[in-house]
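Enquirer: Structure incoming, see below.
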Amino acid sequence: MRCRRIGSTHVELTELGFGASVIGNLYRVTPAHDAQAAVDAAWEAGIRYFDTAPHYGLGLSERRLGAALRDRPRDSYVVSSKVGRLLVPNEHPRGADDEGFVVRDDLRRQWDFSRDGVLRSIEDTLERTGLDRLDVVYLHDPDDHWKQAAEEAMPALAELRDQGVIGAIGAGMNQSAMLARFLRETAADVVMLAGRYTLLDQSALDDVLPAARELGKSVVAVGVFNSGLLSRDRPAEGMRYDYQEAPPALVARARTIAEVCAAHGTTLPAAAVAFPYSHPDIINVTLGMRTAEQVGRNVELHRQHIPEGLWDDLRALGLIRSDVPTANGPGRSARCL
């Protein structure tokens, strides 16, 4: 699989990444053997970038990912995790987590973008994963914490990066405007952009993508299915968009895009995975992968050739913005594996 480098750093990501939120029991239980099999299948497919966070399953994702990778050569893969939510003892457990993960709530999340919070979070992550280092660290959803995140957390991460402890630093969010600020106003090398550069939402063209282009920084795209609406060949009523039930008008638009995809001999999910690569500063698409079967499907979607004429037709029909770049597929890449 081919790799692309994060900005001016030495860190290279395979163009397809393994999103480990789902092996933290997101929405439903994932048996431990399925989680292990998913990581093994990703490795066999050539994926070498794995993303996790303390938030995912109150540490379960980090523990499972670390265990699955522990016997692999450490210099042959890249792991990212996140800071901003410390895991602390829950003084009033009710038996189950209430933030989407099917796990016990013996721990709770505590927002903390202070310098001490960042250092403690990284130390805790290393203990849970059993890894000797993290290659990339993101600030996780700092939407309501700009001042502390920008003035305390990011400088702490920059110091660790400059010491060679971390390879690259950045922020991950569901919005693009503040991510652009992190690129422009802080030492961030990369941002993880969730759902804002997809077949249904290209708002990142207004802020974060121009910032990355101007400053020589990088973007990792996640949430490319917009919570599910773009994940099937034929979108249906009741599917989700940005974590809520998709409005009928948006379902109809997704169906129209699907029809154009079919006319070009491809599918809506394959186009959804390929679309972010139309921008030269998006270096990676990371997808959630719960089982070996999901890994296989995602890898196949990633490998499919998308005709350049598809983007041209979607522009002409007003289904994507007219200023979407014309390049087709990942660029500026080199084979790393």
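The chains in the structure tokens are called A, B, ... from first to last as shown; in each chain the residues are counted from 1, and the ligands are counted from 1 in the order shown.
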Could you find all residues in stretch 167-271 of chain A that DSSP calls strand (DSSP E) from the backbone, and write them as a PyMOL selection string?

Expert: chain A and resi 168-173+190-194+218-222+240-241+244-245

Enquirer: With stretch 279-284 of chain A as the partner and 9 Å as the cut-off, tabulate the residues of stretch 119-216 of chain A that qualify, each row holding the nearest pair of atoms and their distance in Å to one decimal, using only C-alpha atoms, sorted by chain and rising number, as a tab-separated table.

Expert:
```
residue	atom	partner	partner_atom	distance
A:Leu209	CA	A:Asp281	CA	7.1
A:Ala212	CA	A:Asp281	CA	6.5
A:Arg213	CA	A:Asp281	CA	6.3
A:Gly216	CA	A:Asp281	CA	8.1
```

Enquirer: I need the residues from that last selection saved to file as a PDB file, in the first residue's frame (with all heavy atoms), if you can.

Expert:
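Below is the file that was written, result21.pdb:
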```
ATOM      1  N   LEU A 209      -8.878  23.344   4.254  1.00  0.00           N
ATOM      2  CA  LEU A 209      -8.084  22.885   3.113  1.00  0.00           C
ATOM      3  C   LEU A 209      -7.244  23.997   2.495  1.00  0.00           C
ATOM      4  O   LEU A 209      -6.071  23.761   2.167  1.00  0.00           O
ATOM      5  CB  LEU A 209      -8.989  22.212   2.082  1.00  0.00           C
ATOM      6  CG  LEU A 209      -9.556  20.867   2.564  1.00  0.00           C
ATOM      7  CD1 LEU A 209     -10.586  20.323   1.585  1.00  0.00           C
ATOM      8  CD2 LEU A 209      -8.447  19.846   2.794  1.00  0.00           C
ATOM      9  N   ALA A 212      -4.240  24.302   4.852  1.00  0.00           N
ATOM     10  CA  ALA A 212      -3.266  23.230   4.665  1.00  0.00           C
ATOM     11  C   ALA A 212      -2.438  23.461   3.412  1.00  0.00           C
ATOM     12  O   ALA A 212      -1.214  23.280   3.412  1.00  0.00           O
ATOM     13  CB  ALA A 212      -3.982  21.885   4.596  1.00  0.00           C
ATOM     14  N   ARG A 213      -3.090  23.857   2.334  1.00  0.00           N
ATOM     15  CA  ARG A 213      -2.407  24.101   1.061  1.00  0.00           C
ATOM     16  C   ARG A 213      -1.386  25.216   1.207  1.00  0.00           C
ATOM     17  O   ARG A 213      -0.235  25.100   0.783  1.00  0.00           O
ATOM     18  CB  ARG A 213      -3.452  24.466   0.000  1.00  0.00           C
ATOM     19  CG  ARG A 213      -2.857  24.945  -1.308  1.00  0.00           C
ATOM     20  CD  ARG A 213      -2.852  23.850  -2.341  1.00  0.00           C
ATOM     21  NE  ARG A 213      -2.138  22.639  -1.937  1.00  0.00           N
ATOM     22  CZ  ARG A 213      -1.387  21.926  -2.748  1.00  0.00           C
ATOM     23  NH1 ARG A 213      -1.222  22.280  -4.003  1.00  0.00           N
ATOM     24  NH2 ARG A 213      -0.785  20.832  -2.337  1.00  0.00           N
ATOM     25  N   GLY A 216       1.566  24.111   3.772  1.00  0.00           N
ATOM     26  CA  GLY A 216       2.264  22.846   3.582  1.00  0.00           C
ATOM     27  C   GLY A 216       1.984  21.835   4.666  1.00  0.00           C
ATOM     28  O   GLY A 216       2.834  20.995   4.984  1.00  0.00           O
TER      29      GLY A 216
END
```

Enquirer: Tell me which of A:Leu314, A:Ala149, A:Leu107, A:Val219 sits closest to A:Val88, counting only C-alpha atoms.

Expert: A:Leu107

Enquirer: So, with only C-alpha atoms as the atoms that count, which of A:Leu160, A:Ala211, A:Asp97, A:Asp201 lies closest to A:Arg181?

Expert: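 Closest candidate: A:Ala211.
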
Enquirer: How many Å separate atom CA of A:Lys217 from atom CA of A:Thr186?

Expert: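 Between these atoms lies a distance of 11.7 Å.
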
Enquirer: Applying 10 Å and only C-alpha atoms, which residues near A:Glu152 remain after dropping the ones on its own chain fewer than 2 positions away? List them as an mmCIF file with N, CA, C and O atoms, in the first residue's frame.

Expert:
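Here's the written file result-v2.cif:
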```cif
data_model
loop_
_atom_site.group_PDB
_atom_site.id
_atom_site.type_symbol
_atom_site.label_atom_id
_atom_site.label_comp_id
_atom_site.auth_asym_id
_atom_site.auth_seq_id
_atom_site.Cartn_x
_atom_site.Cartn_y
_atom_site.Cartn_z
ATOM 1 N N PHE A 113 -7.315 20.032 28.832
ATOM 2 C CA PHE A 113 -6.339 20.390 27.804
ATOM 3 C C PHE A 113 -5.160 21.151 28.402
ATOM 4 O O PHE A 113 -4.463 21.881 27.701
ATOM 5 N N SER A 114 -4.948 20.980 29.692
ATOM 6 C CA SER A 114 -3.790 21.601 30.326
ATOM 7 C C SER A 114 -2.519 20.843 29.961
ATOM 8 O O SER A 114 -2.572 19.701 29.479
ATOM 9 N N ARG A 115 -1.385 21.468 30.224
ATOM 10 C CA ARG A 115 -0.114 20.794 29.966
ATOM 11 C C ARG A 115 -0.020 19.496 30.773
ATOM 12 O O ARG A 115 0.331 18.439 30.235
ATOM 13 N N ASP A 116 -0.354 19.575 32.067
ATOM 14 C CA ASP A 116 -0.289 18.383 32.903
ATOM 15 C C ASP A 116 -1.268 17.326 32.418
ATOM 16 O O ASP A 116 -0.967 16.126 32.442
ATOM 17 N N GLY A 117 -2.446 17.773 31.965
ATOM 18 C CA GLY A 117 -3.430 16.838 31.453
ATOM 19 C C GLY A 117 -2.943 16.113 30.212
ATOM 20 O O GLY A 117 -3.181 14.909 30.048
ATOM 21 N N VAL A 118 -2.275 16.839 29.329
ATOM 22 C CA VAL A 118 -1.726 16.236 28.118
ATOM 23 C C VAL A 118 -0.682 15.185 28.464
ATOM 24 O O VAL A 118 -0.707 14.053 27.947
ATOM 25 N N TRP A 146 -10.947 26.180 23.148
ATOM 26 C CA TRP A 146 -9.921 26.733 22.268
ATOM 27 C C TRP A 146 -8.746 27.318 23.040
ATOM 28 O O TRP A 146 -7.590 27.012 22.751
ATOM 29 N N LYS A 147 -9.004 28.167 24.016
ATOM 30 C CA LYS A 147 -7.922 28.883 24.693
ATOM 31 C C LYS A 147 -6.937 27.928 25.346
ATOM 32 O O LYS A 147 -5.729 28.004 25.105
ATOM 33 N N GLN A 148 -7.443 27.003 26.150
ATOM 34 C CA GLN A 148 -6.534 26.080 26.818
ATOM 35 C C GLN A 148 -5.875 25.130 25.820
ATOM 36 O O GLN A 148 -4.682 24.821 25.946
ATOM 37 N N ALA A 149 -6.634 24.695 24.820
ATOM 38 C CA ALA A 149 -6.069 23.775 23.829
ATOM 39 C C ALA A 149 -4.954 24.439 23.033
ATOM 40 O O ALA A 149 -3.913 23.819 22.773
ATOM 41 N N ALA A 150 -5.174 25.686 22.629
ATOM 42 C CA ALA A 150 -4.189 26.391 21.806
ATOM 43 C C ALA A 150 -3.005 26.899 22.617
ATOM 44 O O ALA A 150 -1.872 26.914 22.121
ATOM 45 N N MET A 154 -1.400 22.448 22.898
ATOM 46 C CA MET A 154 -0.595 22.374 21.679
ATOM 47 C C MET A 154 0.877 22.694 21.931
ATOM 48 O O MET A 154 1.756 21.997 21.395
ATOM 49 N N PRO A 155 1.213 23.711 22.743
ATOM 50 C CA PRO A 155 2.631 23.906 23.052
ATOM 51 C C PRO A 155 3.265 22.714 23.761
ATOM 52 O O PRO A 155 4.437 22.401 23.517
ATOM 53 N N ALA A 156 2.508 22.032 24.612
ATOM 54 C CA ALA A 156 3.050 20.838 25.269
ATOM 55 C C ALA A 156 3.350 19.756 24.243
ATOM 56 O O ALA A 156 4.400 19.097 24.297
ATOM 57 N N LEU A 157 2.418 19.559 23.299
ATOM 58 C CA LEU A 157 2.664 18.569 22.246
ATOM 59 C C LEU A 157 3.837 18.979 21.365
ATOM 60 O O LEU A 157 4.640 18.133 20.949
#
```

Enquirer: Which residues, written as JSON, numbers by chain, have at least one atom at most 7 Å from A:Arg234, with only C-alpha atoms counted and residues fewer than 2 positions away on the same chain left out?

Expert: {"A": [232, 236, 255, 258]}

Enquirer: At a cut-off of 10 Å, using only C-alpha atoms, what residues contact A:Asn174? Leave out same-chain residues fewer than 6 positions from it and give the result as a PDB file with all heavy atoms, in the first residue's frame.

Expert:
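Final output, around-v4.pdb:
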```pdb
ATOM      1  N   HIS A 140      -8.391  16.131  20.989  1.00  0.00           N
ATOM      2  CA  HIS A 140      -9.648  15.458  20.642  1.00  0.00           C
ATOM      3  C   HIS A 140     -10.845  16.349  20.957  1.00  0.00           C
ATOM      4  O   HIS A 140     -11.145  16.621  22.120  1.00  0.00           O
ATOM      5  CB  HIS A 140      -9.754  14.150  21.413  1.00  0.00           C
ATOM      6  CG  HIS A 140     -10.710  13.168  20.806  1.00  0.00           C
ATOM      7  ND1 HIS A 140     -10.962  11.940  21.371  1.00  0.00           N
ATOM      8  CD2 HIS A 140     -11.458  13.210  19.672  1.00  0.00           C
ATOM      9  CE1 HIS A 140     -11.817  11.270  20.624  1.00  0.00           C
ATOM     10  NE2 HIS A 140     -12.142  12.033  19.590  1.00  0.00           N
ATOM     11  N   ASP A 141     -11.518  16.822  19.912  1.00  0.00           N
ATOM     12  CA  ASP A 141     -12.743  17.617  20.048  1.00  0.00           C
ATOM     13  C   ASP A 141     -12.579  18.810  20.984  1.00  0.00           C
ATOM     14  O   ASP A 141     -13.357  18.968  21.947  1.00  0.00           O
ATOM     15  CB  ASP A 141     -13.892  16.737  20.555  1.00  0.00           C
ATOM     16  CG  ASP A 141     -14.259  15.627  19.596  1.00  0.00           C
ATOM     17  OD1 ASP A 141     -14.047  15.802  18.382  1.00  0.00           O
ATOM     18  OD2 ASP A 141     -14.771  14.584  20.060  1.00  0.00           O
ATOM     19  N   ASP A 143     -13.580  21.742  20.740  1.00  0.00           N
ATOM     20  CA  ASP A 143     -14.508  22.788  20.296  1.00  0.00           C
ATOM     21  C   ASP A 143     -14.759  23.858  21.359  1.00  0.00           C
ATOM     22  O   ASP A 143     -14.771  25.054  21.040  1.00  0.00           O
ATOM     23  CB  ASP A 143     -15.854  22.163  19.904  1.00  0.00           C
ATOM     24  CG  ASP A 143     -15.719  21.102  18.835  1.00  0.00           C
ATOM     25  OD1 ASP A 143     -15.114  20.052  19.116  1.00  0.00           O
ATOM     26  OD2 ASP A 143     -16.226  21.295  17.729  1.00  0.00           O
ATOM     27  N   MET A 192      -7.274  16.034  11.807  1.00  0.00           N
ATOM     28  CA  MET A 192      -8.167  14.940  11.462  1.00  0.00           C
ATOM     29  C   MET A 192      -9.560  15.532  11.282  1.00  0.00           C
ATOM     30  O   MET A 192     -10.183  15.999  12.235  1.00  0.00           O
ATOM     31  CB  MET A 192      -8.152  13.872  12.553  1.00  0.00           C
ATOM     32  CG  MET A 192      -9.073  12.696  12.278  1.00  0.00           C
ATOM     33  SD  MET A 192      -8.834  11.315  13.437  1.00  0.00           S
ATOM     34  CE  MET A 192      -7.447  10.462  12.652  1.00  0.00           C
ATOM     35  N   LEU A 193     -10.015  15.527  10.047  1.00  0.00           N
ATOM     36  CA  LEU A 193     -11.241  16.206   9.644  1.00  0.00           C
ATOM     37  C   LEU A 193     -12.375  15.194   9.511  1.00  0.00           C
ATOM     38  O   LEU A 193     -12.329  14.315   8.652  1.00  0.00           O
ATOM     39  CB  LEU A 193     -11.002  16.920   8.312  1.00  0.00           C
ATOM     40  CG  LEU A 193     -12.187  17.610   7.649  1.00  0.00           C
ATOM     41  CD1 LEU A 193     -12.597  18.837   8.448  1.00  0.00           C
ATOM     42  CD2 LEU A 193     -11.823  18.008   6.216  1.00  0.00           C
ATOM     43  N   ALA A 194     -13.397  15.332  10.359  1.00  0.00           N
ATOM     44  CA  ALA A 194     -14.484  14.355  10.386  1.00  0.00           C
ATOM     45  C   ALA A 194     -15.720  14.886   9.666  1.00  0.00           C
ATOM     46  O   ALA A 194     -16.366  15.827  10.136  1.00  0.00           O
ATOM     47  CB  ALA A 194     -14.838  14.004  11.827  1.00  0.00           C
ATOM     48  N   GLY A 195     -16.015  14.310   8.516  1.00  0.00           N
ATOM     49  CA  GLY A 195     -17.284  14.543   7.846  1.00  0.00           C
ATOM     50  C   GLY A 195     -17.448  15.846   7.097  1.00  0.00           C
ATOM     51  O   GLY A 195     -18.526  16.110   6.564  1.00  0.00           O
ATOM     52  N   ARG A 196     -16.393  16.637   6.988  1.00  0.00           N
ATOM     53  CA  ARG A 196     -16.545  17.952   6.365  1.00  0.00           C
ATOM     54  C   ARG A 196     -15.909  18.050   4.975  1.00  0.00           C
ATOM     55  O   ARG A 196     -15.844  19.116   4.404  1.00  0.00           O
ATOM     56  CB  ARG A 196     -15.975  19.057   7.270  1.00  0.00           C
ATOM     57  CG  ARG A 196     -16.594  19.099   8.662  1.00  0.00           C
ATOM     58  CD  ARG A 196     -17.989  19.701   8.682  1.00  0.00           C
ATOM     59  NE  ARG A 196     -19.009  18.840   8.153  1.00  0.00           N
ATOM     60  CZ  ARG A 196     -19.661  17.903   8.863  1.00  0.00           C
ATOM     61  NH1 ARG A 196     -19.350  17.677  10.100  1.00  0.00           N
ATOM     62  NH2 ARG A 196     -20.612  17.183   8.295  1.00  0.00           N
ATOM     63  N   VAL A 222     -11.750  11.555   7.972  1.00  0.00           N
ATOM     64  CA  VAL A 222     -12.524  10.485   8.605  1.00  0.00           C
ATOM     65  C   VAL A 222     -14.006  10.835   8.452  1.00  0.00           C
ATOM     66  O   VAL A 222     -14.361  11.914   8.002  1.00  0.00           O
ATOM     67  CB  VAL A 222     -12.147  10.304  10.094  1.00  0.00           C
ATOM     68  CG1 VAL A 222     -10.695   9.906  10.236  1.00  0.00           C
ATOM     69  CG2 VAL A 222     -12.413  11.585  10.894  1.00  0.00           C
ATOM     70  N   GLY A 223     -14.863   9.908   8.827  1.00  0.00           N
ATOM     71  CA  GLY A 223     -16.291  10.158   8.692  1.00  0.00           C
ATOM     72  C   GLY A 223     -16.725  10.346   7.253  1.00  0.00           C
ATOM     73  O   GLY A 223     -17.664  11.100   6.977  1.00  0.00           O
ATOM     74  N   ASP A 242     -24.463  12.410  10.012  1.00  0.00           N
ATOM     75  CA  ASP A 242     -23.893  13.154  11.138  1.00  0.00           C
ATOM     76  C   ASP A 242     -24.592  12.802  12.447  1.00  0.00           C
ATOM     77  O   ASP A 242     -25.034  13.687  13.193  1.00  0.00           O
ATOM     78  CB  ASP A 242     -23.924  14.656  10.872  1.00  0.00           C
ATOM     79  CG  ASP A 242     -22.846  15.086   9.900  1.00  0.00           C
ATOM     80  OD1 ASP A 242     -22.087  14.220   9.423  1.00  0.00           O
ATOM     81  OD2 ASP A 242     -22.759  16.293   9.599  1.00  0.00           O
TER      82      ASP A 242
END
```

Enquirer: Which residues, written as a PyMOL selection string, have at least one atom at most 10 Å from A:Gly309, with only C-alpha atoms counted and residues fewer than 4 positions away on the same chain left out?

Expert: chain A and resi 261+264+313-315+326+328

Enquirer: Any chance you could export the current selection's N, CA and C atoms as a PDB file, in the first residue's frame?

Expert:
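Dumped to again23.pdb:
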```
ATOM      1  N   CYS A 261     -23.031   7.477  -9.858  1.00  0.00           N
ATOM      2  CA  CYS A 261     -21.938   6.519  -9.651  1.00  0.00           C
ATOM      3  C   CYS A 261     -22.184   5.240 -10.459  1.00  0.00           C
ATOM      4  N   HIS A 264     -21.378   5.343 -14.005  1.00  0.00           N
ATOM      5  CA  HIS A 264     -19.935   5.320 -14.280  1.00  0.00           C
ATOM      6  C   HIS A 264     -19.306   3.985 -13.887  1.00  0.00           C
ATOM      7  N   ASP A 313     -19.185  14.924 -13.840  1.00  0.00           N
ATOM      8  CA  ASP A 313     -20.643  14.883 -13.921  1.00  0.00           C
ATOM      9  C   ASP A 313     -21.289  15.377 -12.631  1.00  0.00           C
ATOM     10  N   LEU A 314     -20.714  15.022 -11.493  1.00  0.00           N
ATOM     11  CA  LEU A 314     -21.274  15.489 -10.223  1.00  0.00           C
ATOM     12  C   LEU A 314     -21.168  17.004 -10.106  1.00  0.00           C
ATOM     13  N   ARG A 315     -20.071  17.572 -10.604  1.00  0.00           N
ATOM     14  CA  ARG A 315     -19.961  19.039 -10.627  1.00  0.00           C
ATOM     15  C   ARG A 315     -21.011  19.639 -11.549  1.00  0.00           C
ATOM     16  N   THR A 326      -9.777  18.723  -9.461  1.00  0.00           N
ATOM     17  CA  THR A 326     -10.057  17.752 -10.513  1.00  0.00           C
ATOM     18  C   THR A 326      -9.195  16.504 -10.437  1.00  0.00           C
ATOM     19  N   ASN A 328      -7.789  12.976  -9.653  1.00  0.00           N
ATOM     20  CA  ASN A 328      -8.503  11.746  -9.300  1.00  0.00           C
ATOM     21  C   ASN A 328      -7.571  10.808  -8.550  1.00  0.00           C
TER      22      ASN A 328
END
```

Enquirer: May I have the residues within 12 Å of A:Ile23 as number ranges by chain, using only C-alpha atoms and disregarding those fewer than 3 positions away in the same chain?

Expert: A: 18-20, 26-39, 50-53, 56-66, 68, 101-103, 288-292, 294
